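J.: Would you mind keeping the following structure in view while I ask a few things?
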Amino acid sequence: LVKMARTELETAKVNIRNIRKDANNSVRRTEEVSEDMMKQYEEKIQELTDKYISKADAIMAQKEKDIMTRIFAGAVKRPRLFLLRIMQL
């Protein structure tokens, strides 16, 4: 389950970076924007990208903790059932 969640995290990060790329391209194509303004927009876009990647990482850390807690809680309560489930993975 953790591997699946990490795969989804990487997909989310790629999507965030693609949005950054599209936003930067839009800024560059705008002819009315000065070089200084363009640089400021790109910096703001990078700040937002970093912010949302950090949020995705934080969500993943919490999910990983939840998954591991639930898996090991099940192992303590029903060790035989836990082992059977792990063998099925």
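All residue names refer to the structure tokens as shown: chains lettered A, B, ... in order, residues numbered from 1 in each chain, ligands numbered from 1 in order.
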Residues near A:Tyr41, anyone? I mean within 12 Å using only C-alpha atoms, not counting same-chain ones fewer than 2 positions away, as a PDB file with C-alpha atoms, in the first residue's frame.
T.:
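Contents of around-v2.pdb, freshly written:
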```pdb
ATOM      1  CA  ARG A  20       4.567  25.151 -13.393  1.00  0.00           C
ATOM      2  CA  ALA A  23       2.426  28.762 -16.293  1.00  0.00           C
ATOM      3  CA  ASN A  24       6.009  29.810 -17.042  1.00  0.00           C
ATOM      4  CA  ASN A  25       5.414  29.338 -20.760  1.00  0.00           C
ATOM      5  CA  SER A  26       2.299  31.511 -20.552  1.00  0.00           C
ATOM      6  CA  VAL A  27       4.257  34.252 -18.823  1.00  0.00           C
ATOM      7  CA  ARG A  28       7.035  34.094 -21.435  1.00  0.00           C
ATOM      8  CA  THR A  30       2.980  37.466 -22.942  1.00  0.00           C
ATOM      9  CA  VAL A  33       5.334  41.911 -19.555  1.00  0.00           C
ATOM     10  CA  SER A  34       8.763  43.404 -18.859  1.00  0.00           C
ATOM     11  CA  GLU A  35      11.764  41.199 -18.077  1.00  0.00           C
ATOM     12  CA  ASP A  36      11.637  42.212 -14.403  1.00  0.00           C
ATOM     13  CA  MET A  37       7.944  41.362 -14.115  1.00  0.00           C
ATOM     14  CA  MET A  38       8.507  38.082 -15.935  1.00  0.00           C
ATOM     15  CA  LYS A  39      11.220  37.169 -13.442  1.00  0.00           C
ATOM     16  CA  GLU A  43       9.692  33.310  -8.866  1.00  0.00           C
ATOM     17  CA  LYS A  44       6.108  33.399  -7.568  1.00  0.00           C
ATOM     18  CA  ILE A  45       5.226  30.364  -9.684  1.00  0.00           C
ATOM     19  CA  GLN A  46       8.251  28.532  -8.240  1.00  0.00           C
ATOM     20  CA  GLU A  47       7.205  29.463  -4.690  1.00  0.00           C
ATOM     21  CA  LEU A  48       3.729  28.053  -5.328  1.00  0.00           C
TER      22      LEU A  48
END
```
J.: Quick one: of A:Ile67, A:Met60, A:Ile19, A:Ile53, who's nearest to A:Arg6, counting only C-alpha atoms?
T.: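 Of A:Ile67, A:Met60, A:Ile19, A:Ile53, the one nearest A:Arg6, counting only C-alpha atoms, is A:Met60.
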J.: Using only C-alpha atoms, pick whichever of A:Leu9, A:Glu32, A:Gln40, A:Lys21 has the shortest atom-to-atom distance to A:Ala61.
T.: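 With only C-alpha atoms as the atom set, the closest residue is A:Leu9.
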